[in-house]
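Participant: I'd like to ask some things about the structure below.
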Amino acid sequence: MDTKLLANDFTLEIRGLDLSKPLDDGLFEKIRALWMEHRVVVFKDQTLDDDTLVGFAERFGPLFVHAQSSLLSAKRKEVMELSNLPDAERRTVHDLDWHTDQSYTPKPVFATMLYGVVAPREGGETHFTDLAGAYASMPDALKLRIEGVTAVYSAEPRPKVRETPLTEEERAQIPDCTHPIIRTHPYLGRKAVYLSPLHMASIGDLPEEESASLMAALTAHATQPAHVYRHVWTEGDLVMWDNTSVMHRRTPFPPDMPRHLKRAGFYLPDELAVPF
Ligand SMILES: [Fe+2]
């Protein structure tokens with residue numbers, strides 16, 4: 001196994017592993033530790049199908065199944081299809097603003113994995129920003145404004161947030177929820193600012209305008225180039241990230257540029273059931 005730090009040091013590239021085959025316990029634990037330390041890991045040159053992707057993911061914790069059934073793989077419901085290919089049931093064609101996955105649920109998914117089946121030749125990158133680094137470098141005045149404060153998260157805080165709008169039934173299953181803005185890593189004890197601009201509806205009891213300006217200030221701080229890693233997709237990449245410690249976005253791409261990623265994710269194990 002060869003490792004290399006990528007831009008801004010919070011992302012680790014790993015080569016020389018075949019994740020379609022079972023890993024021994026020692027190697028698996030080493031990968032888990034490296035992933036949590038670096039927050040984002042890029043495994044290169046993988047050949048995975050839905051079963052082997054799920055097989056790797058489920059060793060980490062209970063698997064996540066997305067609420068939007070039209071996006072799930074016909075083969076394995078734990079795999080979500082992000083595809084603009086003609087055979088996609090729901091085509092994914094738009095960019096997506098900064099967010100953390102499932103922040104609008106009481107127990108957000110701990111980790112997300114994306115596997116590159118068809119990589120776009122232009123655009124459609126996935127960018128990550130280091131929320132632990134952003135907390136560490138945050139000016140004290142900004143830190144003070146969020147100490148002990150919670151935010152309200154919503155699956156659709158504003159119209160047209162979702163490329164695939166929720167059905168009424170799906171919406172009814174996802175009531176708004178609140179989370180602290182500063183969260184502590186469940187294994188490492190390190191603090192991070194918890195943000196999801198796409199889903200944050202309001203902060204504390206602040207009036208709408210003040211809430212929006214604080215959200216903008218936190219996002220501007222967290223997404224400075226010093227905290228960002230930009231992933232340009234190559235087929236066979238498996239990228240895995242820690243939603244307690246990074247947020248991500250998808251950049252625009254031409255609608256006729258083929259792009260197909262598969263997504264899986266897992267929750268914290270039951271013994272760490274309190275996620276914040
Ligand atoms: Fe996402």
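Residues in the structure tokens are named by chain (A, B, ... in the order shown) and by number from 1 within that chain; ligands are numbered from 1 in the order shown.
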Might you pull out every residue within 7 Å of Val79 of chain A, with only C-alpha atoms counted and same-chain residues fewer than 6 positions away left off, and present them as a list in words?

Facilitator: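 Listed by chain and then number, they are Asp50, Leu72, Ser73, Lys262, Arg263 and Ala264 of chain A.
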
Participant: Need the shell around segment 178-189 of chain A: protein/DNA/RNA residues with any atom at most 6 Å away, counting only C-alpha atoms. Skip same-chain ones fewer than 5 positions apart. Format as a PyMOL selection string?

Facilitator: chain A and resi 149-153+194+276

Participant: Pull N, CA and C atoms from the residues just selected and write them as a PDB file, in the first residue's frame.

Facilitator:
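Written out: out.pdb:
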```
ATOM      1  N   VAL A 149     -24.115  27.067  20.289  1.00  0.00           N
ATOM      2  CA  VAL A 149     -25.267  27.448  19.458  1.00  0.00           C
ATOM      3  C   VAL A 149     -25.663  26.271  18.548  1.00  0.00           C
ATOM      4  N   THR A 150     -26.957  26.123  18.311  1.00  0.00           N
ATOM      5  CA  THR A 150     -27.420  25.079  17.390  1.00  0.00           C
ATOM      6  C   THR A 150     -27.996  25.725  16.120  1.00  0.00           C
ATOM      7  N   ALA A 151     -28.089  24.933  15.082  1.00  0.00           N
ATOM      8  CA  ALA A 151     -28.702  25.402  13.834  1.00  0.00           C
ATOM      9  C   ALA A 151     -29.828  24.449  13.452  1.00  0.00           C
ATOM     10  N   VAL A 152     -30.784  24.984  12.703  1.00  0.00           N
ATOM     11  CA  VAL A 152     -31.879  24.157  12.191  1.00  0.00           C
ATOM     12  C   VAL A 152     -31.528  23.717  10.775  1.00  0.00           C
ATOM     13  N   TYR A 153     -31.675  22.425  10.520  1.00  0.00           N
ATOM     14  CA  TYR A 153     -31.371  21.844   9.215  1.00  0.00           C
ATOM     15  C   TYR A 153     -32.648  21.311   8.595  1.00  0.00           C
ATOM     16  N   TYR A 194     -19.518  22.394  12.244  1.00  0.00           N
ATOM     17  CA  TYR A 194     -20.419  21.547  11.466  1.00  0.00           C
ATOM     18  C   TYR A 194     -21.301  22.449  10.618  1.00  0.00           C
ATOM     19  N   PHE A 276     -23.122  13.545  18.135  1.00  0.00           N
ATOM     20  CA  PHE A 276     -22.473  14.873  18.271  1.00  0.00           C
ATOM     21  C   PHE A 276     -21.750  15.015  19.601  1.00  0.00           C
TER      22      PHE A 276
END
```

Participant: Using only C-alpha atoms and all ligand atoms, which residues of the polymer chains come no farther than 7 Å from ligand 1? I'd like the answer as a PyMOL selection string.

Facilitator: chain A and resi 99-101+248-249

Participant: Pick out the residues sitting within 9 Å of Asp97 of chain A, and hand them over as a list in words; count only C-alpha atoms, and ignore anything fewer than 4 positions along from it in its own chain.

Facilitator: Val161, Ser196, Pro197, Leu198, His248, Arg249, Arg250 and Thr251 of chain A

Participant: Just the residues within 12 Å of Lys44 of chain A, please, counting only C-alpha atoms, with nothing from its chain fewer than 4 positions along; format it as a ChimeraX atom specification.

Facilitator: /A:1-4,12-19,48,114-116,233-240

Participant: Could you write those residues out with C-alpha atoms, as a PDB file, in the first residue's frame?

Facilitator:
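Generated file (selection_34.pdb):
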```pdb
ATOM      1  CA  MET A   1       0.000   0.000   0.000  1.00  0.00           C
ATOM      2  CA  ASP A   2       1.459   3.369  -1.085  1.00  0.00           C
ATOM      3  CA  THR A   3       0.151   6.611   0.403  1.00  0.00           C
ATOM      4  CA  LYS A   4       0.534  10.216  -0.674  1.00  0.00           C
ATOM      5  CA  LEU A  12      -4.688  10.917   1.552  1.00  0.00           C
ATOM      6  CA  GLU A  13      -4.323   9.010  -1.718  1.00  0.00           C
ATOM      7  CA  ILE A  14      -3.870   5.249  -1.370  1.00  0.00           C
ATOM      8  CA  ARG A  15      -2.602   2.991  -4.165  1.00  0.00           C
ATOM      9  CA  GLY A  16      -1.848  -0.697  -4.302  1.00  0.00           C
ATOM     10  CA  LEU A  17      -4.989  -2.056  -2.613  1.00  0.00           C
ATOM     11  CA  ASP A  18      -7.730  -4.174  -4.177  1.00  0.00           C
ATOM     12  CA  LEU A  19     -10.888  -3.393  -2.225  1.00  0.00           C
ATOM     13  CA  LEU A  48     -15.974  -2.594  -7.845  1.00  0.00           C
ATOM     14  CA  LEU A 114     -18.267   7.700  -4.088  1.00  0.00           C
ATOM     15  CA  TYR A 115     -16.998   5.335  -6.765  1.00  0.00           C
ATOM     16  CA  GLY A 116     -16.146   6.627 -10.224  1.00  0.00           C
ATOM     17  CA  TRP A 233     -12.458  12.150 -11.125  1.00  0.00           C
ATOM     18  CA  THR A 234     -10.685   9.258 -12.787  1.00  0.00           C
ATOM     19  CA  GLU A 235     -12.518   6.002 -13.430  1.00  0.00           C
ATOM     20  CA  GLY A 236     -11.810   3.530 -10.649  1.00  0.00           C
ATOM     21  CA  ASP A 237     -11.441   6.154  -7.896  1.00  0.00           C
ATOM     22  CA  LEU A 238     -13.157   5.336  -4.630  1.00  0.00           C
ATOM     23  CA  VAL A 239     -13.316   8.457  -2.478  1.00  0.00           C
ATOM     24  CA  MET A 240     -14.394   8.087   1.135  1.00  0.00           C
TER      25      MET A 240
END
```

Participant: Tell me which protein, DNA and RNA residues are within 10 Å of Pro165 of chain A, counting only C-alpha atoms, leaving out same-chain ones fewer than 5 positions away, and put them as a PyMOL selection string.

Facilitator: chain A and resi 68+155-156+159-160+170-171

Participant: Can I get the selection written as a PDB file, in the first residue's frame, with C-alpha atoms?

Facilitator:
```pdb
ATOM      1  CA  GLN A  68     -35.147   8.850  -2.419  1.00  0.00           C
ATOM      2  CA  ALA A 155     -34.006  18.680   3.633  1.00  0.00           C
ATOM      3  CA  GLU A 156     -35.472  21.510   1.568  1.00  0.00           C
ATOM      4  CA  PRO A 159     -37.239  25.960  -3.015  1.00  0.00           C
ATOM      5  CA  LYS A 160     -35.272  24.190  -5.742  1.00  0.00           C
ATOM      6  CA  GLU A 170     -40.515  11.493   1.430  1.00  0.00           C
ATOM      7  CA  ARG A 171     -40.775  15.066   2.758  1.00  0.00           C
TER       8      ARG A 171
END
```

Participant: So which one's closest to Leu131 of chain A, A:Leu71, A:Leu218, A:Leu85, A:Val109? Using only C-alpha atoms, please.

Facilitator: A:Leu218

Participant: Can you list every residue in segment 48-158 of chain A that DSSP puts in strand (DSSP E), as number ranges by chain?

Facilitator: A: 80-83, 96-99, 111-118, 126-130, 150-153
